[in-house]
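Just structure38.cif here, mmCIF, N, CA and C atoms:
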```cif
data_run
loop_
_atom_site.label_atom_id
_atom_site.label_comp_id
_atom_site.auth_asym_id
_atom_site.auth_seq_id
_atom_site.Cartn_x
_atom_site.Cartn_y
_atom_site.Cartn_z
N SER O 1 -8.13 14.79 -20.76
CA SER O 1 -7.01 15.61 -21.22
C SER O 1 -5.82 15.42 -20.31
N LYS O 2 -4.66 15.73 -20.82
CA LYS O 2 -3.42 15.57 -20.04
C LYS O 2 -3.48 16.37 -18.75
N ASP O 3 -3.93 17.63 -18.85
CA ASP O 3 -3.98 18.50 -17.67
C ASP O 3 -4.85 17.91 -16.58
N LYS O 4 -5.97 17.32 -17.01
CA LYS O 4 -6.89 16.74 -16.04
C LYS O 4 -6.24 15.56 -15.33
N LEU O 5 -5.51 14.74 -16.11
CA LEU O 5 -4.81 13.59 -15.52
C LEU O 5 -3.77 14.05 -14.51
N ILE O 6 -3.01 15.07 -14.88
CA ILE O 6 -1.95 15.57 -14.00
C ILE O 6 -2.58 16.12 -12.71
N GLN O 7 -3.67 16.86 -12.86
CA GLN O 7 -4.36 17.41 -11.69
C GLN O 7 -4.82 16.28 -10.78
N GLU O 8 -5.40 15.25 -11.38
CA GLU O 8 -5.92 14.11 -10.62
C GLU O 8 -4.77 13.40 -9.88
N LEU O 9 -3.64 13.30 -10.56
CA LEU O 9 -2.47 12.65 -9.97
C LEU O 9 -2.05 13.37 -8.69
N PHE O 10 -2.03 14.71 -8.74
CA PHE O 10 -1.63 15.46 -7.55
C PHE O 10 -2.71 15.44 -6.47
N ASP O 11 -3.97 15.40 -6.89
CA ASP O 11 -5.07 15.39 -5.92
C ASP O 11 -5.24 14.03 -5.25
N LYS O 12 -5.26 12.98 -6.08
CA LYS O 12 -5.66 11.65 -5.57
C LYS O 12 -4.50 10.66 -5.46
N GLY O 13 -3.38 11.01 -6.06
CA GLY O 13 -2.29 10.05 -6.10
C GLY O 13 -1.60 9.87 -4.76
N SER O 14 -0.84 8.79 -4.64
CA SER O 14 0.00 8.59 -3.45
C SER O 14 1.34 9.25 -3.74
N SER O 15 2.12 9.47 -2.68
CA SER O 15 3.43 10.06 -2.94
C SER O 15 4.43 9.59 -1.90
N PHE O 16 5.69 9.71 -2.24
CA PHE O 16 6.75 9.45 -1.27
C PHE O 16 7.93 10.34 -1.64
N TYR O 17 8.86 10.47 -0.71
CA TYR O 17 10.04 11.28 -0.98
C TYR O 17 11.24 10.36 -0.98
N LEU O 18 12.04 10.46 -2.01
CA LEU O 18 13.30 9.74 -2.03
C LEU O 18 14.30 10.68 -2.67
N PHE O 19 15.23 11.16 -1.86
CA PHE O 19 16.18 12.18 -2.31
C PHE O 19 16.69 11.88 -3.72
N PRO O 20 16.66 12.83 -4.63
CA PRO O 20 16.19 14.22 -4.53
C PRO O 20 14.78 14.42 -5.09
N PHE O 21 13.98 13.36 -5.13
CA PHE O 21 12.66 13.47 -5.78
C PHE O 21 11.51 13.35 -4.81
N LYS O 22 10.48 14.14 -5.08
CA LYS O 22 9.17 13.87 -4.50
C LYS O 22 8.43 13.17 -5.65
N VAL O 23 7.91 11.99 -5.38
CA VAL O 23 7.30 11.21 -6.44
C VAL O 23 5.82 11.01 -6.16
N PHE O 24 4.98 11.40 -7.12
CA PHE O 24 3.55 11.16 -7.02
C PHE O 24 3.22 10.05 -8.00
N PHE O 25 2.30 9.16 -7.61
CA PHE O 25 1.93 8.11 -8.56
C PHE O 25 0.51 7.62 -8.30
N MET O 26 -0.11 7.12 -9.32
CA MET O 26 -1.40 6.46 -9.19
C MET O 26 -1.60 5.59 -10.43
N PRO O 27 -2.47 4.56 -10.31
CA PRO O 27 -2.74 3.76 -11.50
C PRO O 27 -3.37 4.66 -12.57
N ASN O 28 -2.98 4.47 -13.80
CA ASN O 28 -3.56 5.26 -14.88
C ASN O 28 -5.01 4.83 -15.05
N PRO O 29 -5.96 5.80 -14.96
CA PRO O 29 -7.37 5.42 -15.13
C PRO O 29 -7.61 4.79 -16.52
N ASN O 30 -6.79 5.18 -17.46
CA ASN O 30 -6.92 4.62 -18.81
C ASN O 30 -5.92 3.47 -18.98
N GLN O 31 -6.31 2.26 -18.57
CA GLN O 31 -5.37 1.14 -18.58
C GLN O 31 -5.08 0.64 -20.01
N GLY O 32 -5.80 1.18 -20.99
CA GLY O 32 -5.55 0.79 -22.37
C GLY O 32 -4.20 1.28 -22.87
N THR O 33 -3.64 2.28 -22.20
CA THR O 33 -2.38 2.86 -22.66
C THR O 33 -1.23 1.87 -22.46
N PRO O 34 -0.34 1.77 -23.47
CA PRO O 34 0.68 0.71 -23.43
C PRO O 34 1.87 1.03 -22.52
N PHE O 35 1.98 2.23 -21.98
CA PHE O 35 3.15 2.53 -21.14
C PHE O 35 2.79 3.43 -19.98
N HIS O 36 3.70 3.52 -19.03
CA HIS O 36 3.53 4.46 -17.92
C HIS O 36 3.61 5.86 -18.50
N GLN O 37 2.87 6.79 -17.91
CA GLN O 37 2.97 8.18 -18.33
C GLN O 37 3.67 8.95 -17.22
N VAL O 38 4.72 9.66 -17.59
CA VAL O 38 5.59 10.28 -16.60
C VAL O 38 5.75 11.76 -16.89
N VAL O 39 5.77 12.54 -15.82
CA VAL O 39 6.01 13.97 -15.98
C VAL O 39 7.16 14.36 -15.05
N PHE O 40 8.02 15.27 -15.52
CA PHE O 40 9.18 15.69 -14.75
C PHE O 40 9.07 17.17 -14.48
N SER O 41 9.31 17.57 -13.24
CA SER O 41 9.14 18.97 -12.92
C SER O 41 10.26 19.47 -12.01
N VAL O 42 10.66 20.72 -12.27
CA VAL O 42 11.72 21.34 -11.47
C VAL O 42 11.21 22.72 -11.04
N SER O 43 11.36 23.02 -9.76
CA SER O 43 10.81 24.24 -9.21
C SER O 43 11.47 25.50 -9.76
N LYS O 44 10.63 26.42 -10.18
CA LYS O 44 11.12 27.70 -10.70
C LYS O 44 11.68 28.53 -9.55
N ARG O 45 11.13 28.30 -8.35
CA ARG O 45 11.61 29.06 -7.20
C ARG O 45 13.03 28.69 -6.82
N LYS O 46 13.34 27.40 -6.94
CA LYS O 46 14.69 26.96 -6.57
C LYS O 46 15.70 27.24 -7.66
N PHE O 47 15.24 27.16 -8.92
CA PHE O 47 16.15 27.39 -10.05
C PHE O 47 15.57 28.48 -10.93
N LYS O 48 16.09 29.68 -10.74
CA LYS O 48 15.54 30.83 -11.46
C LYS O 48 15.77 30.72 -12.97
N ARG O 49 16.92 30.12 -13.32
CA ARG O 49 17.28 30.12 -14.74
C ARG O 49 16.71 28.90 -15.47
N ALA O 50 16.03 29.17 -16.57
CA ALA O 50 15.41 28.09 -17.34
C ALA O 50 16.45 27.06 -17.78
N VAL O 51 17.66 27.52 -18.11
CA VAL O 51 18.68 26.55 -18.58
C VAL O 51 18.97 25.52 -17.49
N ASP O 52 18.96 25.95 -16.23
CA ASP O 52 19.21 25.01 -15.14
C ASP O 52 18.07 24.02 -15.00
N ARG O 53 16.84 24.55 -15.07
CA ARG O 53 15.67 23.67 -14.97
C ARG O 53 15.68 22.66 -16.11
N ASN O 54 15.99 23.13 -17.29
CA ASN O 54 15.99 22.24 -18.46
C ASN O 54 17.07 21.18 -18.35
N LEU O 55 18.22 21.58 -17.83
CA LEU O 55 19.32 20.62 -17.66
C LEU O 55 18.89 19.48 -16.73
N ILE O 56 18.29 19.86 -15.62
CA ILE O 56 17.87 18.85 -14.65
C ILE O 56 16.80 17.95 -15.25
N LYS O 57 15.85 18.56 -15.95
CA LYS O 57 14.78 17.76 -16.56
C LYS O 57 15.34 16.81 -17.61
N ARG O 58 16.33 17.29 -18.37
CA ARG O 58 16.97 16.40 -19.35
C ARG O 58 17.60 15.21 -18.66
N ARG O 59 18.28 15.47 -17.55
CA ARG O 59 18.94 14.38 -16.82
C ARG O 59 17.92 13.39 -16.28
N MET O 60 16.80 13.91 -15.79
CA MET O 60 15.76 13.04 -15.26
C MET O 60 15.13 12.20 -16.37
N ARG O 61 14.82 12.85 -17.48
CA ARG O 61 14.21 12.13 -18.61
C ARG O 61 15.12 11.05 -19.13
N GLU O 62 16.39 11.41 -19.26
CA GLU O 62 17.38 10.46 -19.76
C GLU O 62 17.51 9.27 -18.82
N ALA O 63 17.54 9.55 -17.52
CA ALA O 63 17.63 8.48 -16.52
C ALA O 63 16.43 7.56 -16.65
N TYR O 64 15.26 8.16 -16.85
CA TYR O 64 14.04 7.35 -16.99
C TYR O 64 14.09 6.52 -18.27
N ARG O 65 14.46 7.18 -19.35
CA ARG O 65 14.48 6.50 -20.65
C ARG O 65 15.40 5.29 -20.63
N LEU O 66 16.58 5.45 -20.03
CA LEU O 66 17.57 4.38 -20.05
C LEU O 66 17.21 3.23 -19.11
N ASN O 67 16.41 3.53 -18.09
CA ASN O 67 16.17 2.51 -17.07
C ASN O 67 14.74 2.04 -16.95
N LYS O 68 13.85 2.59 -17.79
CA LYS O 68 12.42 2.31 -17.58
C LYS O 68 12.08 0.82 -17.66
N ASP O 69 12.93 0.03 -18.32
CA ASP O 69 12.67 -1.41 -18.40
C ASP O 69 12.79 -2.08 -17.03
N LEU O 70 13.42 -1.40 -16.09
CA LEU O 70 13.57 -1.95 -14.74
C LEU O 70 12.33 -1.72 -13.88
N LEU O 71 11.38 -0.97 -14.43
CA LEU O 71 10.17 -0.66 -13.65
C LEU O 71 9.12 -1.72 -13.92
N PRO O 72 9.00 -2.73 -13.01
CA PRO O 72 8.25 -3.93 -13.34
C PRO O 72 6.76 -3.90 -12.97
N VAL O 73 6.17 -2.73 -12.89
CA VAL O 73 4.79 -2.65 -12.41
C VAL O 73 3.81 -3.22 -13.42
N ARG O 74 2.84 -4.00 -12.93
CA ARG O 74 1.86 -4.60 -13.85
C ARG O 74 0.88 -3.58 -14.37
N ASN O 75 0.34 -2.75 -13.48
CA ASN O 75 -0.58 -1.72 -13.95
C ASN O 75 0.19 -0.54 -14.50
N LYS O 76 -0.39 0.10 -15.50
CA LYS O 76 0.25 1.30 -16.02
C LYS O 76 -0.01 2.45 -15.06
N LEU O 77 1.05 3.19 -14.76
CA LEU O 77 0.94 4.26 -13.77
C LEU O 77 1.02 5.64 -14.40
N LEU O 78 0.50 6.61 -13.68
CA LEU O 78 0.83 8.01 -13.92
C LEU O 78 1.86 8.34 -12.85
N ILE O 79 2.99 8.91 -13.26
CA ILE O 79 4.05 9.21 -12.31
C ILE O 79 4.51 10.65 -12.51
N ALA O 80 4.72 11.35 -11.41
CA ALA O 80 5.30 12.69 -11.49
C ALA O 80 6.56 12.72 -10.64
N TYR O 81 7.64 13.16 -11.24
CA TYR O 81 8.89 13.34 -10.50
C TYR O 81 9.10 14.83 -10.27
N ILE O 82 9.11 15.24 -9.01
CA ILE O 82 9.39 16.63 -8.69
C ILE O 82 10.80 16.68 -8.12
N TYR O 83 11.65 17.43 -8.77
CA TYR O 83 13.03 17.55 -8.31
C TYR O 83 13.03 18.54 -7.17
N SER O 84 13.46 18.10 -5.96
CA SER O 84 13.23 18.98 -4.82
C SER O 84 14.46 19.31 -3.99
N VAL O 85 15.60 19.42 -4.62
CA VAL O 85 16.75 19.94 -3.87
C VAL O 85 17.26 21.19 -4.57
N LYS O 86 18.13 21.92 -3.88
CA LYS O 86 18.56 23.21 -4.44
C LYS O 86 19.80 23.11 -5.31
N ASP O 87 20.40 21.92 -5.37
CA ASP O 87 21.63 21.78 -6.15
C ASP O 87 21.37 20.99 -7.42
N ILE O 88 22.21 21.25 -8.41
CA ILE O 88 22.14 20.46 -9.64
C ILE O 88 23.01 19.23 -9.42
N LEU O 89 22.38 18.09 -9.29
CA LEU O 89 23.15 16.87 -9.03
C LEU O 89 23.73 16.32 -10.32
N PRO O 90 24.86 15.61 -10.23
CA PRO O 90 25.43 14.99 -11.42
C PRO O 90 24.50 13.91 -11.97
N SER O 91 24.57 13.71 -13.29
CA SER O 91 23.72 12.72 -13.97
C SER O 91 23.76 11.38 -13.27
N VAL O 92 24.97 10.94 -12.94
CA VAL O 92 25.15 9.62 -12.33
C VAL O 92 24.27 9.48 -11.10
N GLN O 93 24.26 10.51 -10.28
CA GLN O 93 23.48 10.45 -9.05
C GLN O 93 21.97 10.47 -9.34
N ILE O 94 21.59 11.29 -10.31
CA ILE O 94 20.17 11.35 -10.69
C ILE O 94 19.72 9.98 -11.19
N HIS O 95 20.54 9.35 -12.03
CA HIS O 95 20.19 8.03 -12.57
C HIS O 95 20.02 7.03 -11.44
N GLU O 96 20.99 7.01 -10.55
CA GLU O 96 21.01 6.05 -9.44
C GLU O 96 19.77 6.21 -8.56
N ARG O 97 19.45 7.44 -8.22
CA ARG O 97 18.33 7.70 -7.31
C ARG O 97 17.00 7.43 -8.00
N LEU O 98 16.92 7.74 -9.29
CA LEU O 98 15.68 7.51 -10.03
C LEU O 98 15.38 6.02 -10.07
N VAL O 99 16.41 5.21 -10.30
CA VAL O 99 16.23 3.76 -10.34
C VAL O 99 15.75 3.26 -8.97
N LYS O 100 16.24 3.89 -7.89
CA LYS O 100 15.79 3.50 -6.55
C LYS O 100 14.28 3.73 -6.37
N THR O 101 13.76 4.76 -7.03
CA THR O 101 12.32 5.03 -6.88
C THR O 101 11.50 3.89 -7.50
N PHE O 102 12.06 3.19 -8.48
CA PHE O 102 11.31 2.11 -9.15
C PHE O 102 10.93 1.02 -8.15
N LYS O 103 11.86 0.68 -7.27
CA LYS O 103 11.57 -0.38 -6.28
C LYS O 103 10.41 0.05 -5.40
N LYS O 104 10.42 1.32 -5.01
CA LYS O 104 9.34 1.81 -4.16
C LYS O 104 8.01 1.81 -4.90
N LEU O 105 8.07 2.22 -6.17
CA LEU O 105 6.83 2.25 -6.97
C LEU O 105 6.29 0.84 -7.12
N ASP O 106 7.17 -0.10 -7.39
CA ASP O 106 6.75 -1.49 -7.59
C ASP O 106 6.17 -2.05 -6.30
N TYR O 107 6.84 -1.75 -5.20
CA TYR O 107 6.40 -2.24 -3.90
C TYR O 107 5.03 -1.64 -3.54
N ALA O 108 4.91 -0.35 -3.77
CA ALA O 108 3.65 0.34 -3.45
C ALA O 108 2.51 -0.22 -4.30
N GLU O 109 2.82 -0.55 -5.52
CA GLU O 109 1.84 -1.04 -6.47
C GLU O 109 1.36 -2.45 -6.05
N LYS O 110 2.27 -3.24 -5.50
CA LYS O 110 1.91 -4.62 -5.12
C LYS O 110 1.08 -4.65 -3.85
N ASN O 111 1.23 -3.62 -3.00
CA ASN O 111 0.57 -3.67 -1.70
C ASN O 111 -0.63 -2.75 -1.60
#
```
As structure tokens - that is how I would like this structure written.
Amino acid sequence: SKDKLIQELFDKGSSFYLFPFKVFFMPNPNQGTPFHQVVFSVSKRKFKRAVDRNLIKRRMREAYRLNKDLLPVRNKLLIAYIYSVKDILPSVQIHERLVKTFKKLDYAEKN
């Protein structure tokens, strides 16, 4: 189930921090799946208002959607993006930083 996968990702996955994201990742145990599976999360403690959380998640999803072709990993991954700063960053910055995480994911995957 999805919940089990997400739990496993947080328990067993590797992680790194690259402003403004904490990124968890691991190879997808189900390699039959044709794409990476990604989850985006924004802390309720940092952003009390759902509209703010949703805005940030939309920006993250959009950044991923537009740039996912740049993520050259051979194995399919489970990835979690945790937005971990207290400010709502502009889309441009979110896009730029999200793309930077791809290099780290690719590098981590190769080594």
Evaluate the PyMOL selection byres ((chain O and resi 90-100) around 8) on the structure here and hand back the selected residues as a VMD selection string.
chain O and resid 18 to 21 59 to 60 62 to 64 67 to 68 70 to 71 87 to 89 101 to 105
Between O:Gln31, O:Ser43, O:Ser15, O:Ser1, smallest distance to O:Ser84 by all atoms listed in the file belongs to O:Ser43
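One distance worth recording is that between atom CA of O:Gln37 and atom CA of O:Ala80, which is 8.5 Å.
You can rank O:Leu9, O:Ala108, O:Val85, O:Leu78 by their closest distance to O:Pro27 using only N, CA and C atoms, and at the top of that list sits O:Leu78.
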Quote the spacing between atom C of O:Arg45 and atom C of O:Ile82 in Å to one decimal place.
12.3 Å
Using all atoms listed in the file, pick whichever of O:His36, O:Asp3, O:Phe10, O:Arg61 has the shortest atom-to-atom distance to O:Phe24.
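Among O:His36, O:Asp3, O:Phe10, O:Arg61, it is O:Phe10 that comes nearest to O:Phe24.
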If DSSP is run on the backbone, what residues of chain O are strand (DSSP E or B)? A reply as a list in words would be ideal.
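Those in chain O that DSSP calls strand (DSSP E or B) are Ser14, Ser15, Phe16, Tyr17, Leu18, Phe21, Lys22, Val23, Phe24, Phe25, Met26, Pro27, Gln37, Val38, Val39, Phe40, Ser41, Val42, Leu77, Leu78, Ile79, Ala80, Tyr81, Ile82 and Tyr83 of chain O.
Between O:Lys22 and the residues O:Arg58, O:Tyr81, O:Val73, O:Arg49, the shortest atom-to-atom distance, using only N, CA and C atoms, involves O:Tyr81.
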If we count only C-alpha atoms, what is near O:Pro34 at a cut-off of 10 Å, once residues fewer than 4 positions away on the same chain are taken out, given as a PDB file with N, CA and C atoms, keeping the file's coordinate frame?
```pdb
ATOM      1  N   ASN O  30      -6.790   5.180 -17.460  1.00  0.00           N
ATOM      2  CA  ASN O  30      -6.920   4.620 -18.810  1.00  0.00           C
ATOM      3  C   ASN O  30      -5.920   3.470 -18.980  1.00  0.00           C
ATOM      4  N   ASN O  75       0.340  -2.750 -13.480  1.00  0.00           N
ATOM      5  CA  ASN O  75      -0.580  -1.720 -13.950  1.00  0.00           C
ATOM      6  C   ASN O  75       0.190  -0.540 -14.500  1.00  0.00           C
ATOM      7  N   LYS O  76      -0.390   0.100 -15.500  1.00  0.00           N
ATOM      8  CA  LYS O  76       0.250   1.300 -16.020  1.00  0.00           C
ATOM      9  C   LYS O  76      -0.010   2.450 -15.060  1.00  0.00           C
TER      10      LYS O  76
END
```
So that I can check the secondary structure, give me every residue of chain O assigned alpha helix (DSSP H) by backbone DSSP, as JSON, numbers by chain.
{"O": [2, 3, 4, 5, 6, 7, 8, 9, 10, 11, 12, 50, 51, 52, 53, 54, 55, 56, 57, 58, 59, 60, 61, 62, 63, 64, 65, 66, 67, 91, 92, 93, 94, 95, 96, 97, 98, 99, 100, 101, 102, 103, 104, 105, 106, 107, 108, 109, 110]}
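Among O:Glu109, O:Lys12, O:Lys2, O:Tyr83, the residue with the shortest atom-to-atom distance to O:Lys44, counting only C-alpha atoms, is O:Tyr83.
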One number please: atom C of O:Pro29 to atom N of O:Asp69, in Å, one decimal.
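Between atom C of O:Pro29 and atom N of O:Asp69 the gap is 21.2 Å.
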O:Ser14 surroundings by only N, CA and C atoms, 6 Å radius, close-in-sequence under 5 positions cut, as a count of residues only:
4
Output file request: stretch 74-85 of chain O, with all heavy atoms, as a PDB file, in the first residue's frame.
```
ATOM      1  N   ARG O  74      18.577   5.608 -13.180  1.00  0.00           N
ATOM      2  CA  ARG O  74      18.183   4.365 -13.852  1.00  0.00           C
ATOM      3  C   ARG O  74      17.136   3.606 -13.069  1.00  0.00           C
ATOM      4  O   ARG O  74      16.157   3.130 -13.623  1.00  0.00           O
ATOM      5  CB  ARG O  74      19.413   3.487 -14.074  1.00  0.00           C
ATOM      6  CG  ARG O  74      20.302   4.007 -15.187  1.00  0.00           C
ATOM      7  CD  ARG O  74      21.779   4.031 -14.825  1.00  0.00           C
ATOM      8  NE  ARG O  74      22.098   4.765 -13.605  1.00  0.00           N
ATOM      9  CZ  ARG O  74      22.159   6.101 -13.534  1.00  0.00           C
ATOM     10  NH1 ARG O  74      21.927   6.852 -14.577  1.00  0.00           N
ATOM     11  NH2 ARG O  74      22.441   6.695 -12.386  1.00  0.00           N
ATOM     12  N   ASN O  75      17.345   3.470 -11.758  1.00  0.00           N
ATOM     13  CA  ASN O  75      16.334   2.788 -10.957  1.00  0.00           C
ATOM     14  C   ASN O  75      15.199   3.736 -10.629  1.00  0.00           C
ATOM     15  O   ASN O  75      15.420   4.915 -10.452  1.00  0.00           O
ATOM     16  CB  ASN O  75      16.945   2.279  -9.643  1.00  0.00           C
ATOM     17  CG  ASN O  75      17.967   1.201  -9.895  1.00  0.00           C
ATOM     18  OD1 ASN O  75      17.782   0.371 -10.776  1.00  0.00           O
ATOM     19  ND2 ASN O  75      19.049   1.225  -9.153  1.00  0.00           N
ATOM     20  N   LYS O  76      14.006   3.178 -10.532  1.00  0.00           N
ATOM     21  CA  LYS O  76      12.884   4.014 -10.129  1.00  0.00           C
ATOM     22  C   LYS O  76      12.957   4.235  -8.626  1.00  0.00           C
ATOM     23  O   LYS O  76      13.179   3.310  -7.861  1.00  0.00           O
ATOM     24  CB  LYS O  76      11.552   3.354 -10.504  1.00  0.00           C
ATOM     25  CG  LYS O  76      11.380   3.215 -12.006  1.00  0.00           C
ATOM     26  CD  LYS O  76      11.561   4.553 -12.700  1.00  0.00           C
ATOM     27  CE  LYS O  76      11.584   4.402 -14.198  1.00  0.00           C
ATOM     28  NZ  LYS O  76      12.448   5.388 -14.847  1.00  0.00           N
ATOM     29  N   LEU O  77      12.776   5.495  -8.226  1.00  0.00           N
ATOM     30  CA  LEU O  77      12.924   5.847  -6.821  1.00  0.00           C
ATOM     31  C   LEU O  77      11.597   6.177  -6.162  1.00  0.00           C
ATOM     32  O   LEU O  77      10.635   6.547  -6.838  1.00  0.00           O
ATOM     33  CB  LEU O  77      13.815   7.090  -6.686  1.00  0.00           C
ATOM     34  CG  LEU O  77      15.246   7.010  -7.194  1.00  0.00           C
ATOM     35  CD1 LEU O  77      15.923   8.368  -7.035  1.00  0.00           C
ATOM     36  CD2 LEU O  77      16.017   5.949  -6.458  1.00  0.00           C
ATOM     37  N   LEU O  78      11.583   6.066  -4.856  1.00  0.00           N
ATOM     38  CA  LEU O  78      10.555   6.700  -4.038  1.00  0.00           C
ATOM     39  C   LEU O  78      11.234   7.958  -3.505  1.00  0.00           C
ATOM     40  O   LEU O  78      12.342   7.887  -2.970  1.00  0.00           O
ATOM     41  CB  LEU O  78      10.170   5.818  -2.855  1.00  0.00           C
ATOM     42  CG  LEU O  78       9.599   4.439  -3.159  1.00  0.00           C
ATOM     43  CD1 LEU O  78       9.423   3.657  -1.869  1.00  0.00           C
ATOM     44  CD2 LEU O  78       8.263   4.572  -3.866  1.00  0.00           C
ATOM     45  N   ILE O  79      10.585   9.106  -3.665  1.00  0.00           N
ATOM     46  CA  ILE O  79      11.190  10.355  -3.217  1.00  0.00           C
ATOM     47  C   ILE O  79      10.177  11.140  -2.394  1.00  0.00           C
ATOM     48  O   ILE O  79       9.002  11.208  -2.756  1.00  0.00           O
ATOM     49  CB  ILE O  79      11.607  11.227  -4.430  1.00  0.00           C
ATOM     50  CG1 ILE O  79      12.399  10.406  -5.446  1.00  0.00           C
ATOM     51  CG2 ILE O  79      12.423  12.437  -3.962  1.00  0.00           C
ATOM     52  CD1 ILE O  79      12.597  11.118  -6.773  1.00  0.00           C
ATOM     53  N   ALA O  80      10.641  11.718  -1.308  1.00  0.00           N
ATOM     54  CA  ALA O  80       9.788  12.607  -0.522  1.00  0.00           C
ATOM     55  C   ALA O  80      10.478  13.959  -0.409  1.00  0.00           C
ATOM     56  O   ALA O  80      11.648  14.035  -0.039  1.00  0.00           O
ATOM     57  CB  ALA O  80       9.531  12.040   0.866  1.00  0.00           C
ATOM     58  N   TYR O  81       9.749  14.997  -0.761  1.00  0.00           N
ATOM     59  CA  TYR O  81      10.257  16.357  -0.595  1.00  0.00           C
ATOM     60  C   TYR O  81       9.552  16.983   0.593  1.00  0.00           C
ATOM     61  O   TYR O  81       8.337  17.136   0.581  1.00  0.00           O
ATOM     62  CB  TYR O  81       9.955  17.194  -1.841  1.00  0.00           C
ATOM     63  CG  TYR O  81      10.915  16.937  -2.975  1.00  0.00           C
ATOM     64  CD1 TYR O  81      10.569  16.092  -4.018  1.00  0.00           C
ATOM     65  CD2 TYR O  81      12.169  17.544  -3.001  1.00  0.00           C
ATOM     66  CE1 TYR O  81      11.453  15.850  -5.068  1.00  0.00           C
ATOM     67  CE2 TYR O  81      13.061  17.311  -4.038  1.00  0.00           C
ATOM     68  CZ  TYR O  81      12.698  16.467  -5.064  1.00  0.00           C
ATOM     69  OH  TYR O  81      13.575  16.233  -6.087  1.00  0.00           O
ATOM     70  N   ILE O  82      10.315  17.324   1.622  1.00  0.00           N
ATOM     71  CA  ILE O  82       9.745  18.013   2.776  1.00  0.00           C
ATOM     72  C   ILE O  82      10.203  19.466   2.690  1.00  0.00           C
ATOM     73  O   ILE O  82      11.400  19.741   2.687  1.00  0.00           O
ATOM     74  CB  ILE O  82      10.265  17.415   4.105  1.00  0.00           C
ATOM     75  CG1 ILE O  82      10.235  15.886   4.086  1.00  0.00           C
ATOM     76  CG2 ILE O  82       9.494  18.001   5.287  1.00  0.00           C
ATOM     77  CD1 ILE O  82       8.877  15.273   4.061  1.00  0.00           C
ATOM     78  N   TYR O  83       9.250  20.353   2.618  1.00  0.00           N
ATOM     79  CA  TYR O  83       9.577  21.780   2.532  1.00  0.00           C
ATOM     80  C   TYR O  83       9.894  22.241   3.937  1.00  0.00           C
ATOM     81  O   TYR O  83       9.049  22.156   4.827  1.00  0.00           O
ATOM     82  CB  TYR O  83       8.366  22.516   1.969  1.00  0.00           C
ATOM     83  CG  TYR O  83       8.612  23.974   1.676  1.00  0.00           C
ATOM     84  CD1 TYR O  83       9.167  24.364   0.465  1.00  0.00           C
ATOM     85  CD2 TYR O  83       8.271  24.949   2.600  1.00  0.00           C
ATOM     86  CE1 TYR O  83       9.376  25.711   0.186  1.00  0.00           C
ATOM     87  CE2 TYR O  83       8.466  26.288   2.329  1.00  0.00           C
ATOM     88  CZ  TYR O  83       9.023  26.665   1.120  1.00  0.00           C
ATOM     89  OH  TYR O  83       9.228  27.984   0.842  1.00  0.00           O
ATOM     90  N   SER O  84      11.128  22.744   4.157  1.00  0.00           N
ATOM     91  CA  SER O  84      11.509  22.956   5.551  1.00  0.00           C
ATOM     92  C   SER O  84      12.003  24.349   5.890  1.00  0.00           C
ATOM     93  O   SER O  84      12.892  24.498   6.712  1.00  0.00           O
ATOM     94  CB  SER O  84      12.553  21.929   5.954  1.00  0.00           C
ATOM     95  OG  SER O  84      13.606  21.960   5.032  1.00  0.00           O
ATOM     96  N   VAL O  85      11.456  25.358   5.250  1.00  0.00           N
ATOM     97  CA  VAL O  85      11.768  26.714   5.704  1.00  0.00           C
ATOM     98  C   VAL O  85      10.471  27.406   6.090  1.00  0.00           C
ATOM     99  O   VAL O  85       9.394  26.926   5.765  1.00  0.00           O
ATOM    100  CB  VAL O  85      12.524  27.539   4.624  1.00  0.00           C
ATOM    101  CG1 VAL O  85      13.902  26.947   4.379  1.00  0.00           C
ATOM    102  CG2 VAL O  85      11.738  27.625   3.348  1.00  0.00           C
TER     103      VAL O  85
END
```
